[in-house]
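Undergrad: What follows is a single structure, and I will ask about it in a moment.
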Amino acid sequence: MIPRRAKPARRIEAGGRSLFIHSLPRYSLHDLYHYCMTISWPYFYLFIAAAFITLNLLFAGLYQLQPGGIANQFPRGFLGAFFFSVETLATVGYGDMHPQTLYTHWVSMLEIFIGMMSIALITGVTFARFSRPRARIMFTTSAVVRPLSGEPVLMLRAANARNNVIIDASARLRLLQHEVTAEGTAFRKLYDLDLVRDEHPMFVLGWTLVHKIDESSPLYQRDAASLEKARAQLILSINGMDETTIQPMVARHVFSHQDIHWNHAFADLIYTDDDENDHVDYQRLQEVRPLPPRRD
């Protein structure tokens, strides 16, 4: 027996990790809408162009099955049938070439129906892609652990790049790490990290999120080495309502254990000039500064 060839693995990005997926079915017609919504704009238009050309080639072959079915066909042969198919599918109808046999009338009627439905579907998907709400929330590439009011805290920061109002914004922070049970079973476990303030009534500029590392925290008495051993990740998600479009928006960022700076602090975004004017400098969003070493 000839062994069956394994299907090629598909690479995806999940939670900041690159994974190779095996033995899953590829995209089908049932997932066509999801596929069109997730690919980039250039690939979307390339997909539409490829479908347009393929459909016209198919109908051009159908027209060629009956020679002489297209009146005033120019140029003669398959190329003329292809151009007639383009005019029919787009419902342009210049009037020079037209069907003159019953068979060609039936084929052109089918193509016009497919063309009308295709235009409606492409228009709908294009509008859905264009009108899909996107949150322009910037996250820091780093998280910091520092003392605050005598207690160790984990701090993360986000900023609203649109500077509009995000109503009733809420944030969730989770810790994902690798663990091994007493029986030797390895799995990924998720912990919720409570935030000092997990809601913001009007998220306009910046938002510093704070998690207290007390005895109830999964990060209690943890250090960089233990987080690296557990391959820990921090997953921060923010959602809210855009006041301009009245649409919900969601943003997510994943921090690796390598992104956590211990005994560091974020630089201040807001400063006041000599004229007592307040400024917000987003170039400082990613700045972290070391704190003096602690004796403990």
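Note on naming: chains are A, B, ... as they come in the structure tokens, residues start from 1 per chain, ligands start from 1 in the order shown.
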Within 12 Å of Ile53 in chain A, counting only C-alpha atoms, which residues qualify if same-chain residues fewer than 3 places away don't, as a PyMOL selection string?
TA: chain A and resi 46-50+56-60+82-83+85-86+89-90
Undergrad: Could those selected residues go to a file with all heavy atoms, as a compact mmCIF listing (two decimals), in the first residue's frame?
TA:
# COMPACT_ATOMS: atom_id res chain seq x y z
N LEU A 46 -7.31 40.85 -5.05
CA LEU A 46 -6.74 39.81 -5.91
C LEU A 46 -7.65 38.60 -5.99
O LEU A 46 -7.81 37.99 -7.06
CB LEU A 46 -5.36 39.39 -5.38
CG LEU A 46 -4.20 40.36 -5.64
CD1 LEU A 46 -2.94 39.86 -4.95
CD2 LEU A 46 -3.96 40.52 -7.14
N PHE A 47 -8.28 38.25 -4.88
CA PHE A 47 -9.23 37.13 -4.87
C PHE A 47 -10.44 37.44 -5.76
O PHE A 47 -10.89 36.59 -6.53
CB PHE A 47 -9.66 36.85 -3.43
CG PHE A 47 -10.76 35.83 -3.31
CD1 PHE A 47 -10.49 34.49 -3.48
CD2 PHE A 47 -12.06 36.22 -3.03
CE1 PHE A 47 -11.50 33.54 -3.37
CE2 PHE A 47 -13.07 35.30 -2.91
CZ PHE A 47 -12.80 33.95 -3.09
N ILE A 48 -10.97 38.68 -5.67
CA ILE A 48 -12.10 39.06 -6.50
C ILE A 48 -11.71 39.05 -7.97
O ILE A 48 -12.47 38.58 -8.84
CB ILE A 48 -12.62 40.44 -6.07
CG1 ILE A 48 -13.13 40.40 -4.63
CG2 ILE A 48 -13.73 40.92 -7.01
CD1 ILE A 48 -14.26 39.44 -4.39
N ALA A 49 -10.52 39.58 -8.29
CA ALA A 49 -10.06 39.61 -9.68
C ALA A 49 -9.87 38.19 -10.23
O ALA A 49 -10.25 37.91 -11.38
CB ALA A 49 -8.77 40.40 -9.79
N ALA A 50 -9.31 37.30 -9.42
CA ALA A 50 -9.12 35.92 -9.87
C ALA A 50 -10.46 35.24 -10.11
O ALA A 50 -10.63 34.51 -11.10
CB ALA A 50 -8.30 35.15 -8.84
N ASN A 56 -15.30 34.37 -16.16
CA ASN A 56 -15.40 34.75 -17.57
C ASN A 56 -14.77 33.72 -18.48
O ASN A 56 -15.27 33.48 -19.59
CB ASN A 56 -14.75 36.12 -17.78
CG ASN A 56 -15.64 37.26 -17.33
OD1 ASN A 56 -16.72 37.47 -17.87
ND2 ASN A 56 -15.20 37.99 -16.32
N LEU A 57 -13.69 33.12 -18.06
CA LEU A 57 -13.10 32.03 -18.86
C LEU A 57 -14.05 30.85 -18.97
O LEU A 57 -14.17 30.23 -20.03
CB LEU A 57 -11.77 31.60 -18.23
CG LEU A 57 -10.61 32.60 -18.31
CD1 LEU A 57 -9.42 32.08 -17.52
CD2 LEU A 57 -10.22 32.85 -19.76
N LEU A 58 -14.75 30.54 -17.87
CA LEU A 58 -15.71 29.43 -17.90
C LEU A 58 -16.85 29.71 -18.88
O LEU A 58 -17.20 28.85 -19.70
CB LEU A 58 -16.24 29.20 -16.49
CG LEU A 58 -17.36 28.16 -16.35
CD1 LEU A 58 -16.86 26.78 -16.76
CD2 LEU A 58 -17.88 28.11 -14.91
N PHE A 59 -17.43 30.90 -18.81
CA PHE A 59 -18.54 31.21 -19.70
C PHE A 59 -18.08 31.39 -21.14
O PHE A 59 -18.83 31.10 -22.07
CB PHE A 59 -19.27 32.47 -19.21
CG PHE A 59 -20.30 32.18 -18.17
CD1 PHE A 59 -20.01 32.34 -16.82
CD2 PHE A 59 -21.56 31.74 -18.52
CE1 PHE A 59 -20.96 32.07 -15.86
CE2 PHE A 59 -22.52 31.46 -17.56
CZ PHE A 59 -22.22 31.63 -16.23
N ALA A 60 -16.86 31.87 -21.33
CA ALA A 60 -16.34 31.95 -22.69
C ALA A 60 -16.25 30.56 -23.31
O ALA A 60 -16.56 30.37 -24.50
CB ALA A 60 -14.97 32.62 -22.68
N PHE A 82 -14.64 35.67 -24.75
CA PHE A 82 -14.26 36.14 -23.41
C PHE A 82 -14.71 37.58 -23.20
O PHE A 82 -15.28 37.93 -22.14
CB PHE A 82 -12.74 36.02 -23.23
CG PHE A 82 -12.23 36.55 -21.93
CD1 PHE A 82 -12.32 35.81 -20.77
CD2 PHE A 82 -11.66 37.82 -21.88
CE1 PHE A 82 -11.85 36.30 -19.57
CE2 PHE A 82 -11.19 38.33 -20.67
CZ PHE A 82 -11.29 37.57 -19.52
N PHE A 83 -14.47 38.45 -24.19
CA PHE A 83 -14.91 39.85 -24.05
C PHE A 83 -16.43 39.96 -23.98
O PHE A 83 -16.97 40.80 -23.25
CB PHE A 83 -14.37 40.68 -25.21
CG PHE A 83 -12.88 40.90 -25.15
CD1 PHE A 83 -12.11 40.89 -26.30
CD2 PHE A 83 -12.25 41.11 -23.94
CE1 PHE A 83 -10.75 41.09 -26.25
CE2 PHE A 83 -10.88 41.32 -23.87
CZ PHE A 83 -10.12 41.31 -25.03
N SER A 85 -18.34 37.72 -22.69
CA SER A 85 -18.68 37.26 -21.35
C SER A 85 -18.46 38.37 -20.32
O SER A 85 -19.26 38.53 -19.40
CB SER A 85 -17.84 36.03 -20.99
OG SER A 85 -18.04 35.66 -19.65
N VAL A 86 -17.38 39.15 -20.48
CA VAL A 86 -17.12 40.26 -19.56
C VAL A 86 -18.25 41.27 -19.62
O VAL A 86 -18.75 41.75 -18.59
CB VAL A 86 -15.76 40.92 -19.88
CG1 VAL A 86 -15.58 42.19 -19.07
CG2 VAL A 86 -14.62 39.96 -19.60
N LEU A 89 -21.41 39.59 -17.99
CA LEU A 89 -21.32 39.41 -16.54
C LEU A 89 -21.44 40.75 -15.81
O LEU A 89 -22.05 40.83 -14.75
CB LEU A 89 -20.00 38.73 -16.17
CG LEU A 89 -19.80 38.34 -14.71
CD1 LEU A 89 -20.79 37.26 -14.31
CD2 LEU A 89 -18.37 37.87 -14.46
N ALA A 90 -20.89 41.80 -16.40
CA ALA A 90 -20.97 43.12 -15.79
C ALA A 90 -22.26 43.84 -16.15
O ALA A 90 -22.45 44.98 -15.70
CB ALA A 90 -19.77 43.97 -16.21
Undergrad: I'd like to know which residues of range 24-163 of chain A are helix (DSSP H, G or I) (by DSSP, run on the backbone); could you write them as number ranges by chain?
TA: A: 29-38, 41-64, 78-89, 102-131
Undergrad: Write out as number ranges by chain all residues of range 86-254 of chain A that DSSP puts in strand (DSSP E) for this structure's backbone.
TA: A: 98-99, 137-139, 143-148, 151-160, 166-180, 186-193, 199-203, 206-212, 233-242, 247-254
Undergrad: Grab the CA of Gln64 in chain A to CA of Tyr45 in chain A distance for me, in Å with one decimal place.
TA: 28.5 Å
Undergrad: Hey, which of A:Arg289, A:His253, A:Arg284, A:Arg197 ends up closest to Val210 in chain A? Count only C-alpha atoms.
TA: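 Of A:Arg289, A:His253, A:Arg284, A:Arg197, the one nearest Val210 in chain A, counting only C-alpha atoms, is A:Arg197.
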Undergrad: Let me make sure I understand: among A:Tyr63, A:Phe127, A:Phe78, A:Phe255, which one has the smallest atom-to-atom distance to Pro99 in chain A if we use only C-alpha atoms?
TA: A:Tyr63
Undergrad: Hey, which of A:Glu179, A:Asp31, A:Asp198, A:Asp242 ends up closest to Lys229 in chain A? Count only C-alpha atoms.
TA: A:Glu179
Undergrad: Please identify all polymer residues within 12 Å of Pro248 in chain A, counting only C-alpha atoms, omitting same-chain residues fewer than 5 positions from it, and present them as a ChimeraX atom specification.
TA: /A:132-135,166-170,238-243
Undergrad: Output N, CA, C and O atoms of each residue in that selection to a file, as a short mmCIF file (atom, residue, chain, number, x, y, z; two decimals), in the first residue's frame.
TA:
data_model
loop_
_atom_site.label_atom_id
_atom_site.label_comp_id
_atom_site.auth_asym_id
_atom_site.auth_seq_id
_atom_site.Cartn_x
_atom_site.Cartn_y
_atom_site.Cartn_z
N ARG A 132 -16.22 47.83 9.41
CA ARG A 132 -15.91 47.06 10.62
C ARG A 132 -15.18 47.94 11.62
O ARG A 132 -14.18 48.59 11.27
N PRO A 133 -15.65 48.01 12.86
CA PRO A 133 -14.99 48.89 13.85
C PRO A 133 -13.60 48.36 14.21
O PRO A 133 -13.41 47.17 14.45
N ARG A 134 -12.66 49.26 14.22
CA ARG A 134 -11.29 48.93 14.59
C ARG A 134 -10.84 49.89 15.69
O ARG A 134 -10.93 51.11 15.53
N ALA A 135 -10.36 49.33 16.76
CA ALA A 135 -9.90 50.14 17.87
C ALA A 135 -8.43 50.50 17.65
O ALA A 135 -7.58 49.62 17.52
N ILE A 166 -13.92 56.77 24.19
CA ILE A 166 -14.37 55.39 24.28
C ILE A 166 -15.17 55.28 25.58
O ILE A 166 -14.62 55.40 26.67
N ILE A 167 -16.47 55.06 25.43
CA ILE A 167 -17.37 55.09 26.58
C ILE A 167 -17.32 53.76 27.33
O ILE A 167 -17.30 52.69 26.72
N ASP A 168 -17.31 53.85 28.65
CA ASP A 168 -17.39 52.67 29.51
C ASP A 168 -16.38 51.60 29.10
O ASP A 168 -16.71 50.42 28.92
N ALA A 169 -15.14 52.03 28.94
CA ALA A 169 -14.09 51.07 28.61
C ALA A 169 -13.82 50.16 29.81
O ALA A 169 -13.83 50.60 30.96
N SER A 170 -13.57 48.91 29.52
CA SER A 170 -13.26 47.93 30.57
C SER A 170 -12.04 47.12 30.14
O SER A 170 -11.82 46.90 28.95
N ILE A 238 -8.97 45.12 26.12
CA ILE A 238 -9.74 46.33 26.42
C ILE A 238 -10.90 46.41 25.44
O ILE A 238 -10.70 46.22 24.24
N ASN A 239 -12.09 46.66 25.95
CA ASN A 239 -13.24 46.85 25.09
C ASN A 239 -14.07 48.01 25.60
O ASN A 239 -14.02 48.37 26.77
N GLY A 240 -14.83 48.58 24.69
CA GLY A 240 -15.67 49.72 25.02
C GLY A 240 -16.53 50.11 23.84
O GLY A 240 -16.59 49.40 22.83
N MET A 241 -17.18 51.25 23.94
CA MET A 241 -18.08 51.76 22.90
C MET A 241 -17.51 53.05 22.34
O MET A 241 -17.22 53.99 23.08
N ASP A 242 -17.34 53.08 21.01
CA ASP A 242 -16.87 54.28 20.34
C ASP A 242 -18.00 55.31 20.32
O ASP A 242 -19.08 55.05 19.79
N GLU A 243 -17.75 56.48 20.93
CA GLU A 243 -18.80 57.50 21.01
C GLU A 243 -19.13 58.08 19.64
O GLU A 243 -20.26 58.50 19.40
#
Undergrad: Just the residues within 9 Å of Gln258 in chain A, please, counting only C-alpha atoms, with nothing from its chain fewer than 6 positions along; format it as an NGL selection string.
TA: :A and (142 or 224 or 227-228 or 233)
Undergrad: Measuring atom to atom with only C-alpha atoms, identify which of A:Pro147, A:Glu215, A:Ala158, A:Gly69 is nearest to Trp106 in chain A.
TA: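 Closest candidate: A:Gly69.
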